[in-house]
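Here's the structure we're looking at; comments come further down.
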Amino acid sequence: MTKIKLLLMTAALLTFCFPIISHAKSVTGKEYQAVVNTAYNYFNGAASGDQELLSKAFDLEFGHVKMISVNKDTGKETIRTVSLKEFSGYFKKATKDSWVANILSVDIVDNKMAMVKLDFDTPKTHYIDYLVMYKRENEWRIINKTFIANKK
């Protein structure tokens, strides 16, 4: 009986004291917030025409946007690719409309790669964006943006 009491007391002591002794830092929490901030830098930069915010969000050297395009003559769908540098140039001035964005999901792999699903709503169009990011030179940048757009 004494061994059982000693075993139970040891187990209770380890269960309650270990969390107090542990000094682990949450790296994922910091990375998560940095990834979310990068996604919102893209959204806010596009909405406000702020090229500086867009350049903080996009990897202008290596990044691309992929989108479905429909050939007006044939009606055939194709995938069009535009560099993020060119794409960011589409947003030169602030929108007069109200835009709303909500992050639907964030997936971070090895604190080096992330995928963000962004719900992006404007008065004329509803978008769902998938933003693929790499952490390079200690900064998260969007390297690929793929989206679907539905006119309202």
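The way I read the labels, and the way they are meant: chains A, B, ... in the order of the structure tokens, residue 1 as the first residue of every chain, and ligand 1 as the first ligand shown, with later ones counted on from there.
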**Message:** With only C-alpha atoms as the counted atoms, please give the residues lying no more than 9 Å from Ser48 (chain A), apart from itself and same-chain residues fewer than 4 positions off, as a list in words.
**Reply:** Phe43, Asn44, Phe91, Lys92, Lys93, Ala94 and Thr95 of chain A
Quick one: write out the picked residues with C-alpha atoms as a CSV table (one decimal), in the first residue's frame?
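Here's the written file result.csv:
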```
chain,number,residue,atom,x,y,z
A,43,PHE,CA,-5.4,43.0,-48.8
A,44,ASN,CA,-4.9,46.5,-47.2
A,91,PHE,CA,-3.6,48.7,-57.5
A,92,LYS,CA,-2.3,52.3,-57.9
A,93,LYS,CA,-5.0,54.1,-56.0
A,94,ALA,CA,-7.5,53.5,-53.2
A,95,THR,CA,-10.8,51.9,-53.8
```
Between region 83-152 of chain A and region 61-78 of chain A, at 6 Å or less, what are the per-residue closest atom pairs and their distances in Å? Count only C-alpha atoms, order by chain and rising residue number, and return it as CSV.
```
residue,atom,partner,partner_atom,distance
A:Ser83,CA,A:His64,CA,4.2
A:Leu84,CA,A:His64,CA,4.8
A:Ile143,CA,A:Gly63,CA,4.0
A:Asn144,CA,A:His64,CA,5.0
A:Lys145,CA,A:Val65,CA,4.7
A:Thr146,CA,A:Lys66,CA,4.9
```
Those same residues, written as an mmCIF file, in the first residue's frame with C-alpha atoms?
```
data_model
loop_
_atom_site.group_PDB
_atom_site.id
_atom_site.type_symbol
_atom_site.label_atom_id
_atom_site.label_comp_id
_atom_site.auth_asym_id
_atom_site.auth_seq_id
_atom_site.Cartn_x
_atom_site.Cartn_y
_atom_site.Cartn_z
ATOM 1 C CA SER A 83 4.016 38.212 -62.032
ATOM 2 C CA LEU A 84 3.205 39.649 -58.608
ATOM 3 C CA ILE A 143 5.010 33.686 -53.730
ATOM 4 C CA ASN A 144 1.786 32.475 -55.329
ATOM 5 C CA LYS A 145 -1.740 33.809 -55.370
ATOM 6 C CA THR A 146 -4.426 31.682 -56.968
#
```
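The interatomic distance for the pair CA of Ala57 (chain A) and CA of Met133 (chain A) works out to 9.2 Å.
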**Spatial neighbours of region 32-34 of chain A, max dist 8 Å, only C-alpha atoms, sep filter under 5 positions, as a PyMOL selection string** = chain A and resi 106+108+140
Those residues with N, CA and C atoms, as a PDB file, in the first residue's frame please?
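The result, stored in again-v1.pdb:
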```pdb
ATOM      1  N   VAL A 106      -5.300  28.938 -42.026  1.00  0.00           N
ATOM      2  CA  VAL A 106      -3.852  29.146 -42.114  1.00  0.00           C
ATOM      3  C   VAL A 106      -3.200  27.798 -41.841  1.00  0.00           C
ATOM      4  N   ILE A 108       0.709  26.280 -41.625  1.00  0.00           N
ATOM      5  CA  ILE A 108       2.137  26.597 -41.611  1.00  0.00           C
ATOM      6  C   ILE A 108       2.919  25.292 -41.508  1.00  0.00           C
ATOM      7  N   TRP A 140       8.093  36.757 -44.220  1.00  0.00           N
ATOM      8  CA  TRP A 140       7.070  36.012 -44.949  1.00  0.00           C
ATOM      9  C   TRP A 140       6.655  36.826 -46.163  1.00  0.00           C
TER      10      TRP A 140
END
```
**Message:** Write out as a PyMOL selection string the set of residues from region 3-151 of chain A that DSSP, computed on the backbone, places in helix (DSSP H, G or I).
**Reply:** chain A and resi 3-21+27-48+51-57+84-88
Residues from the last selection, C-alpha atoms, saved as a short mmCIF file (atom, residue, chain, number, x, y, z; two decimals), in the first residue's frame:
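Contents of again-v1.cif, as written:
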```cif
data_model
loop_
_atom_site.label_atom_id
_atom_site.label_comp_id
_atom_site.auth_asym_id
_atom_site.auth_seq_id
_atom_site.Cartn_x
_atom_site.Cartn_y
_atom_site.Cartn_z
CA LYS A 3 4.39 1.90 -2.69
CA ILE A 4 1.05 2.71 -4.34
CA LYS A 5 0.67 5.91 -2.30
CA LEU A 6 4.24 6.91 -3.13
CA LEU A 7 3.64 6.19 -6.82
CA LEU A 8 0.40 8.20 -6.84
CA MET A 9 2.02 11.13 -5.02
CA THR A 10 4.95 11.11 -7.49
CA ALA A 11 2.58 11.03 -10.46
CA ALA A 12 0.52 13.90 -9.00
CA LEU A 13 3.65 15.92 -8.29
CA LEU A 14 4.97 15.44 -11.83
CA THR A 15 1.58 16.25 -13.36
CA PHE A 16 1.15 19.53 -11.49
CA CYS A 17 4.76 20.71 -11.30
CA PHE A 18 5.96 20.04 -14.83
CA PRO A 19 3.88 22.77 -16.46
CA ILE A 20 5.23 25.30 -13.95
CA ILE A 21 8.86 24.30 -14.60
CA VAL A 27 7.33 29.94 -32.04
CA THR A 28 4.23 28.91 -33.98
CA GLY A 29 2.20 31.75 -32.43
CA LYS A 30 4.68 34.34 -33.70
CA GLU A 31 4.85 32.72 -37.13
CA TYR A 32 1.06 32.49 -37.32
CA GLN A 33 0.70 36.22 -36.60
CA ALA A 34 3.41 37.10 -39.13
CA VAL A 35 1.65 35.02 -41.82
CA VAL A 36 -1.71 36.64 -41.04
CA ASN A 37 -0.10 40.10 -41.12
CA THR A 38 1.37 39.34 -44.55
CA ALA A 39 -2.05 38.33 -45.89
CA TYR A 40 -3.63 41.51 -44.53
CA ASN A 41 -0.75 43.61 -45.92
CA TYR A 42 -1.75 42.31 -49.34
CA PHE A 43 -5.45 43.01 -48.77
CA ASN A 44 -4.94 46.47 -47.23
CA GLY A 45 -2.32 47.40 -49.82
CA ALA A 46 -4.67 46.47 -52.67
CA ALA A 47 -7.64 48.27 -51.11
CA SER A 48 -5.68 51.45 -50.39
CA GLN A 51 2.50 49.96 -53.10
CA GLU A 52 4.70 49.81 -50.00
CA LEU A 53 2.27 47.46 -48.22
CA LEU A 54 2.00 45.33 -51.35
CA SER A 55 5.78 45.07 -51.59
CA LYS A 56 5.85 43.93 -47.94
CA ALA A 57 3.32 41.21 -48.79
CA LEU A 84 3.20 39.65 -58.61
CA LYS A 85 5.20 42.70 -59.63
CA GLU A 86 2.82 43.31 -62.54
CA PHE A 87 -0.22 42.38 -60.45
CA SER A 88 0.68 44.86 -57.69
#
```
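Atom pair CA of His126 (chain A) / CA of Met113 (chain A) has a distance of 26.1 Å (rounded to one decimal).
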**Message:** Need to verify the contact set: Phe120 (chain A), 7 Å, only C-alpha atoms, exclusion of same-chain residues closer than 3 positions in sequence. Can you return it as a PyMOL selection string?
**Reply:** chain A and resi 100-102+126-128
**Prompt:** What separation in Å, quoted to one decimal, exists between CA of Arg80 (chain A) and CA of Ile148 (chain A)?
**Reply:**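 According to the coordinates, CA of Arg80 (chain A) and CA of Ile148 (chain A) are separated by 12.3 Å.
Minimum atom-to-atom distance to Asp50 (chain A), evaluated using only C-alpha atoms, belongs to A:Tyr90 out of A:Tyr90, A:Ile79, A:Phe147, A:Glu139.
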